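Coordinates from final_36.cif are shown below (mmCIF, C-alpha atoms and all ligand atoms).
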```
data_input
loop_
_atom_site.label_atom_id
_atom_site.label_comp_id
_atom_site.auth_asym_id
_atom_site.auth_seq_id
_atom_site.Cartn_x
_atom_site.Cartn_y
_atom_site.Cartn_z
CA MET X 198 129.52 1.43 -91.91
CA LEU X 199 126.81 2.15 -94.48
CA HIS X 200 126.06 5.83 -95.18
CA ALA X 201 122.98 7.21 -96.94
CA LEU X 202 123.08 8.76 -100.39
CA THR X 203 120.02 10.97 -100.95
CA ILE X 204 119.01 13.04 -103.97
CA ASP X 205 116.27 15.68 -103.98
CA VAL X 206 114.96 15.47 -107.55
CA GLU X 207 113.79 18.90 -108.71
CA ASP X 208 114.55 21.63 -111.28
CA TRP X 209 116.54 24.60 -109.94
CA PRO X 210 114.52 27.51 -111.46
CA GLN X 211 111.20 26.02 -110.22
CA SER X 212 112.44 24.99 -106.78
CA SER X 213 114.65 27.98 -106.00
CA LEU X 214 113.57 30.94 -108.18
CA ASN X 215 109.81 30.75 -108.73
CA HIS X 216 107.44 27.90 -107.88
CA ASP X 217 105.21 28.82 -110.85
CA LEU X 218 107.90 28.07 -113.44
CA PRO X 219 107.57 24.84 -115.44
CA ILE X 220 109.86 21.89 -114.67
CA THR X 221 112.29 21.57 -117.60
CA GLU X 222 114.05 18.71 -119.43
CA ARG X 223 117.25 19.89 -117.83
CA ALA X 224 116.24 18.14 -114.59
CA VAL X 225 115.79 14.88 -116.52
CA HIS X 226 119.16 15.15 -118.22
CA ASN X 227 120.94 15.98 -114.94
CA THR X 228 119.25 13.14 -113.06
CA ARG X 229 120.41 10.75 -115.80
CA THR X 230 123.99 12.02 -115.35
CA MET X 231 123.74 11.13 -111.66
CA LEU X 232 122.19 7.73 -112.36
CA GLU X 233 125.17 6.97 -114.60
CA ILE X 234 127.64 7.82 -111.78
CA PHE X 235 125.76 5.58 -109.31
CA ARG X 236 125.59 2.76 -111.86
CA ARG X 237 129.37 2.94 -112.29
CA HIS X 238 129.80 2.54 -108.53
CA GLN X 239 127.02 -0.06 -108.22
CA THR X 240 125.55 2.12 -105.49
CA HIS X 241 121.91 2.71 -104.69
CA GLY X 242 120.42 5.79 -103.09
CA THR X 243 117.12 7.34 -102.08
CA PHE X 244 115.60 9.72 -104.61
CA PHE X 245 113.16 12.14 -102.95
CA ILE X 246 111.19 13.18 -106.04
CA LEU X 247 109.06 16.33 -106.38
CA GLY X 248 105.44 15.53 -107.34
CA LEU X 249 105.32 18.17 -110.08
CA LEU X 250 108.38 16.61 -111.70
CA ALA X 251 107.01 13.05 -111.43
CA GLU X 252 103.77 14.19 -113.07
CA LYS X 253 105.56 15.78 -116.02
CA PHE X 254 108.32 13.17 -116.45
CA PRO X 255 106.96 9.81 -115.22
CA ASP X 256 109.47 7.88 -117.33
CA LEU X 257 112.30 9.34 -115.26
CA VAL X 258 110.67 7.98 -112.08
CA ARG X 259 110.46 4.56 -113.76
CA GLU X 260 114.14 4.76 -114.79
CA ILE X 261 115.21 5.59 -111.21
CA ALA X 262 113.14 2.70 -109.82
CA ALA X 263 114.36 0.29 -112.53
CA ASP X 264 117.96 1.03 -111.48
CA GLY X 265 117.07 -0.29 -108.02
CA HIS X 266 116.96 3.02 -106.14
CA GLU X 267 114.52 3.82 -103.35
CA ILE X 268 111.76 6.32 -104.23
CA GLY X 269 110.83 8.93 -101.60
CA SER X 270 108.64 12.04 -101.63
CA HIS X 271 109.96 15.61 -101.81
CA GLY X 272 106.40 16.98 -101.58
CA TYR X 273 104.42 18.23 -104.56
CA SER X 274 105.11 21.93 -105.20
CA HIS X 275 108.41 22.67 -103.38
CA LYS X 276 106.66 25.31 -101.25
CA ALA X 277 108.01 25.47 -97.68
CA VAL X 278 106.11 23.34 -95.14
CA PHE X 279 105.88 26.22 -92.62
CA GLN X 280 104.34 28.44 -95.31
CA ILE X 281 101.63 26.15 -96.67
CA GLY X 282 100.23 24.98 -93.29
CA PRO X 283 98.83 21.58 -92.15
CA ASP X 284 95.91 21.14 -94.60
CA ALA X 285 97.86 21.90 -97.76
CA PHE X 286 100.76 19.85 -96.38
CA ARG X 287 98.55 16.78 -95.98
CA ASP X 288 97.24 17.26 -99.53
CA GLU X 289 100.79 17.50 -100.89
CA ILE X 290 101.79 14.28 -99.10
CA LYS X 291 98.74 12.33 -100.34
CA ARG X 292 99.15 13.64 -103.88
CA SER X 293 102.92 13.14 -104.22
CA VAL X 294 103.03 9.72 -102.52
CA GLY X 295 100.07 8.50 -104.60
CA LEU X 296 101.70 9.66 -107.83
CA LEU X 297 105.10 8.16 -107.02
CA GLU X 298 103.65 4.82 -105.92
CA ASP X 299 101.45 4.58 -109.03
CA ILE X 300 104.33 5.38 -111.38
CA SER X 301 107.11 3.40 -109.70
CA GLY X 302 105.10 0.46 -108.43
CA GLN X 303 107.00 0.60 -105.13
CA PRO X 304 105.87 1.84 -101.72
CA VAL X 305 107.06 5.29 -100.62
CA ARG X 306 108.43 5.06 -97.07
CA GLY X 307 110.24 8.36 -96.63
CA TYR X 308 109.87 12.11 -97.02
CA ARG X 309 112.26 15.06 -97.34
CA ALA X 310 110.83 18.57 -96.95
CA PRO X 311 111.66 21.27 -99.51
CA ASP X 312 114.54 23.39 -98.16
CA PHE X 313 114.49 21.45 -94.83
CA SER X 314 111.34 23.41 -93.95
CA ILE X 315 110.31 21.26 -90.97
CA THR X 316 111.38 23.69 -88.29
CA GLU X 317 110.10 24.66 -84.83
CA GLU X 318 107.09 26.35 -86.51
CA SER X 319 106.09 23.24 -88.46
CA LEU X 320 106.70 20.26 -86.14
CA TRP X 321 102.99 19.33 -86.68
CA ALA X 322 104.16 17.99 -90.05
CA LEU X 323 105.78 14.99 -88.29
CA ASP X 324 102.38 13.79 -87.02
CA ILE X 325 100.80 14.20 -90.45
CA LEU X 326 103.59 12.14 -92.02
CA ALA X 327 102.99 9.32 -89.49
CA GLU X 328 99.20 9.52 -90.02
CA GLU X 329 99.66 9.29 -93.79
CA GLY X 330 101.66 6.07 -93.37
CA LEU X 331 105.20 7.32 -93.94
CA GLU X 332 107.89 5.42 -91.98
CA TYR X 333 110.61 8.04 -91.84
CA ASP X 334 111.30 11.73 -92.30
CA SER X 335 114.65 13.20 -93.32
CA SER X 336 113.96 16.93 -93.15
CA ILE X 337 115.43 18.32 -89.94
CA PHE X 338 118.73 20.17 -89.95
CA PRO X 339 119.92 19.92 -86.33
CA VAL X 340 121.65 23.29 -86.33
CA ARG X 341 120.09 26.76 -86.64
CA MET X 342 120.87 28.28 -90.04
CA ARG X 343 119.53 31.46 -91.62
CA ARG X 344 116.56 29.86 -93.38
CA TYR X 345 116.16 26.49 -91.68
CA GLY X 346 117.33 24.21 -88.88
CA ILE X 347 116.52 23.59 -85.21
CA ASP X 348 119.01 23.94 -82.36
CA ASP X 349 119.37 21.40 -79.55
CA VAL X 350 117.79 18.42 -81.31
CA PRO X 351 119.64 15.10 -81.73
CA ARG X 352 122.29 14.72 -84.45
CA HIS X 353 121.54 10.97 -84.77
CA MET X 354 118.50 8.97 -85.97
CA TYR X 355 115.67 8.53 -83.47
CA ARG X 356 112.13 7.22 -83.28
CA LEU X 357 109.30 9.58 -82.32
CA ASP X 358 106.35 8.58 -80.10
CA ASN X 359 104.12 8.56 -83.19
CA GLY X 360 106.32 5.81 -84.70
CA LEU X 361 108.02 7.98 -87.32
CA ILE X 362 111.82 7.72 -87.55
CA GLU X 363 113.63 11.05 -87.93
CA ILE X 364 116.87 10.99 -89.91
CA PRO X 365 118.52 14.41 -89.44
CA MET X 366 121.04 15.96 -91.82
CA SER X 367 124.68 15.34 -90.93
CA THR X 368 126.58 17.73 -88.70
CA VAL X 369 129.89 17.42 -86.88
CA VAL X 370 130.82 19.16 -83.64
CA MET X 371 133.96 21.31 -83.79
CA GLY X 372 135.02 24.08 -81.46
CA GLY X 373 131.88 23.61 -79.36
CA ARG X 374 129.41 24.11 -82.19
CA ARG X 375 127.69 22.05 -84.87
CA TRP X 376 128.71 22.37 -88.52
CA PRO X 377 126.67 21.12 -91.46
CA VAL X 378 128.61 18.75 -93.70
CA ALA X 379 128.10 16.37 -96.59
CA GLY X 380 125.27 17.95 -98.55
CA GLY X 381 124.48 20.40 -101.35
CA GLY X 382 126.66 23.49 -101.08
CA TYR X 383 128.66 22.05 -98.18
CA LEU X 384 129.66 19.09 -100.31
CA ARG X 385 130.52 21.31 -103.28
CA LEU X 386 132.44 23.97 -101.36
CA LEU X 387 134.34 22.13 -98.58
CA PRO X 388 137.69 20.60 -99.61
CA TRP X 389 137.44 16.82 -100.04
CA ALA X 390 139.91 16.25 -97.18
CA LEU X 391 137.51 18.00 -94.79
CA THR X 392 134.46 16.07 -96.03
CA ARG X 393 136.39 12.80 -95.65
CA LEU X 394 137.40 13.78 -92.12
CA ALA X 395 133.77 14.60 -91.27
CA ILE X 396 132.54 11.20 -92.56
CA ARG X 397 135.26 9.42 -90.50
CA ARG X 398 134.29 11.47 -87.46
CA LEU X 399 130.62 10.45 -87.88
CA GLU X 400 131.69 6.81 -88.27
CA SER X 401 133.57 7.00 -84.95
CA GLU X 402 130.30 8.21 -83.36
CA GLN X 403 128.35 5.37 -85.06
CA ILE X 404 126.25 7.94 -86.96
CA PRO X 405 125.68 7.19 -90.66
CA THR X 406 126.39 10.21 -92.86
CA ILE X 407 123.35 11.54 -94.72
CA VAL X 408 124.65 12.96 -97.99
CA TYR X 409 122.16 15.04 -99.97
CA LEU X 410 122.46 16.28 -103.53
CA HIS X 411 120.35 17.78 -106.31
CA PRO X 412 120.54 16.80 -109.99
CA TYR X 413 121.45 20.40 -110.98
CA GLU X 414 124.65 20.19 -108.97
CA VAL X 415 126.25 18.21 -111.81
CA ASP X 416 125.23 20.94 -114.33
CA PRO X 417 127.98 23.62 -114.63
CA ALA X 418 126.37 25.21 -117.73
CA GLU X 419 122.98 26.06 -116.16
CA PHE X 420 123.75 29.64 -115.11
CA ARG X 421 125.31 30.49 -118.49
CA GLU X 422 122.21 29.28 -120.32
CA ILE X 423 119.39 30.23 -117.94
CA ASP X 424 116.60 32.50 -119.30
CA HIS X 425 115.72 34.13 -115.97
CA PRO X 426 117.49 36.96 -114.17
CA VAL X 427 119.69 35.50 -111.41
CA SER X 428 121.78 37.68 -109.09
CA MET X 429 125.56 37.41 -109.12
CA LYS X 430 125.52 36.29 -105.47
CA THR X 431 123.13 33.42 -106.27
CA ARG X 432 125.17 32.44 -109.33
CA LEU X 433 128.24 32.23 -107.12
CA THR X 434 126.76 30.35 -104.15
CA GLN X 435 124.52 28.04 -106.22
CA GLY X 436 126.84 27.57 -109.17
CA LEU X 437 130.33 27.30 -107.67
CA ASN X 438 132.16 23.98 -108.08
CA ARG X 439 129.34 22.30 -109.99
CA ARG X 440 131.91 21.00 -112.47
CA HIS X 441 133.74 19.21 -109.63
CA ILE X 442 130.83 17.40 -108.02
CA ALA X 443 131.03 14.32 -110.31
CA GLY X 444 134.69 13.83 -109.33
CA ARG X 445 133.83 14.42 -105.68
CA LEU X 446 131.13 11.76 -105.87
CA ASP X 447 133.55 9.32 -107.53
CA ARG X 448 135.98 9.71 -104.63
CA MET X 449 133.31 9.51 -101.96
CA LEU X 450 131.64 6.43 -103.42
CA SER X 451 134.98 4.62 -103.86
CA GLN X 452 136.26 5.40 -100.35
CA PHE X 453 133.08 4.82 -98.30
CA ARG X 454 130.07 2.46 -98.41
CA PHE X 455 126.84 4.16 -99.46
CA GLY X 456 123.26 2.98 -99.88
CA SER X 457 119.65 4.11 -99.72
CA VAL X 458 118.00 5.24 -96.47
CA ALA X 459 116.03 1.97 -96.51
CA GLN X 460 119.32 0.04 -96.63
CA VAL X 461 120.78 2.12 -93.78
CA LEU X 462 117.64 1.52 -91.68
CA ALA X 463 117.87 -2.22 -92.38
CA GLU X 464 121.40 -2.16 -90.89
CA THR X 465 120.33 -0.15 -87.84
CA SER X 466 119.25 -2.04 -84.74
CA PRO X 467 115.94 -0.77 -83.29
CA GLU X 468 117.53 -0.27 -79.83
CA THR X 469 119.85 2.41 -81.19
CA LEU X 470 116.84 4.53 -82.18
CA THR X 471 116.16 6.31 -78.90
CA ALA X 472 112.52 7.22 -78.44
CA ALA X 473 111.29 10.80 -78.14
CA THR X 474 107.92 12.54 -78.04
CA SER X 475 109.19 15.40 -80.22
CA PRO X 476 112.57 16.32 -81.72
CA VAL X 477 112.85 19.04 -79.13
CA ALA X 478 112.18 16.61 -76.25
CA ALA X 479 114.78 14.24 -77.69
CA GLY X 480 117.43 16.97 -77.50
ZN ZN X 501 114.34 20.64 -102.82
#
```
Mind converting the file's structure to structure tokens?
Amino acid sequence: MLHALTIDVEDWPQSSLNHDLPITERAVHNTRTMLEIFRRHQTHGTFFILGLLAEKFPDLVREIAADGHEIGSHGYSHKAVFQIGPDAFRDEIKRSVGLLEDISGQPVRGYRAPDFSITEESLWALDILAEEGLEYDSSIFPVRMRRYGIDDVPRHMYRLDNGLIEIPMSTVVMGGRRWPVAGGGYLRLLPWALTRLAIRRLESEQIPTIVYLHPYEVDPAEFREIDHPVSMKTRLTQGLNRRHIAGRLDRMLSQFRFGSVAQVLAETSPETLTAATSPVAAG
């Protein structure tokens, strides 16, 4: 079974600390570290790239595309979808998709919201994505977390009435509840044996795993060198195990088959994408 490898390309201080901060070279260096790992494994992924970053470092977008990866949009500013509202959201989609297509020379088919910010308050975003010509969205976390997620929506891929395909983040069901697996902090903090078990479990359900990562997760030195005040709690949760993620990726990419979202969709038969008018109705 083919699983999806997805990378949200952004710079930690700008995406997580303050949206007014400039995007730094660090993001470029870290993305190159990841590209090198994927090259070694001859694996392609989907890079959801932030517009601000593409604007400042267009050569990086070209490098990602030249390596054969799929280019997707991560919006323009990294502000949450439910905070900026429909008009600004549409502007961000137009602007980021236009930029990425101009720079990479390839069509942008997919979108990932900053911090999974398509929630019950911002489901209107799914119609705007379809209207703006996107084919899929990969922004919904199908479990209620503190800052994001929606309960009682499908854990598998599905097609909405407006034509858009929703590709939710991976969760497994244990002890009667859903647990997020296989992305960001979950991938860094869970023991490899548990992650492997989760991927096998998803395979047995015929659900491709959607792994998501950020370039800064391969950067253990960032919090020692950062110029901005960062709380100890954030340093711990955001910084822990960064030095192990390259090894974790090596194991994952040697033990399972991974590809871009476009490749996973190409291997998915249309009948398996159950139709739904809204994610909530599909649940
Ligand atoms: Zn992000």
Residues near stretch 351-366 of chain X, cut-off 10 Å, only C-alpha atoms, skip fewer than 6 positions along chain, as number ranges by chain: X: 307-309, 313, 323-328, 330-340, 375, 377-380, 399, 402-409, 458, 462, 465, 467-480
Separation of atom CA of X:Asp217 from atom CA of X:Arg344, in Å and rounded to one decimal: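 So the answer is 20.9 Å.
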Write out as JSON lines the residues of chain X that have any atom within 7 Å of an atom of ligand ZN 501 (chain X), one row each with the nearest atom pair and its distance in Å to one decimal, counting all atoms listed in the file, sorted by chain and then rising number.
```
{"residue": "X:Asp205", "atom": "CA", "partner": "X:ZN501", "partner_atom": "ZN", "distance": 5.4}
{"residue": "X:Glu207", "atom": "CA", "partner": "X:ZN501", "partner_atom": "ZN", "distance": 6.2}
{"residue": "X:Ser212", "atom": "CA", "partner": "X:ZN501", "partner_atom": "ZN", "distance": 6.2}
{"residue": "X:His271", "atom": "CA", "partner": "X:ZN501", "partner_atom": "ZN", "distance": 6.7}
{"residue": "X:His275", "atom": "CA", "partner": "X:ZN501", "partner_atom": "ZN", "distance": 6.3}
{"residue": "X:Pro311", "atom": "CA", "partner": "X:ZN501", "partner_atom": "ZN", "distance": 4.3}
{"residue": "X:Asp312", "atom": "CA", "partner": "X:ZN501", "partner_atom": "ZN", "distance": 5.4}
```
Which residues of stretch 212-266 of chain X have any atom within 12 Å of an atom in stretch 427-442 of chain X when counting only C-alpha atoms, and what is the closest pair of atoms for each, with the distance in Å to one decimal? Order the rows by chain and rising number and write it as a Markdown table.
```
| residue | atom | partner | partner_atom | distance |
| --- | --- | --- | --- | --- |
| X:Ser213 | CA | X:Gln435 | CA | 9.9 |
| X:Leu214 | CA | X:Val427 | CA | 8.3 |
| X:Asn215 | CA | X:Val427 | CA | 11.3 |
| X:Asn227 | CA | X:Arg439 | CA | 11.6 |
| X:Thr230 | CA | X:Ile442 | CA | 11.4 |
| X:Met231 | CA | X:Ile442 | CA | 10.1 |
| X:Ile234 | CA | X:Ile442 | CA | 10.8 |
```
Surrounding residues of X:Ser301 excluding itself and chain neighbours under 4 positions, 12 Å, only C-alpha atoms, as a PyMOL selection string: chain X and resi 244+246+251-252+254-270+293-297+305
Residue among X:Arg374, X:Leu249, X:Pro388, X:Arg236 lying closest to X:Asp349, counting all atoms listed in the file: X:Arg374
Distance criterion (only C-alpha atoms): nearest to X:Tyr345 out of X:Leu387, X:Gly381, X:Val278, X:Ala395: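 Result for the nearest residue to X:Tyr345: X:Val278.
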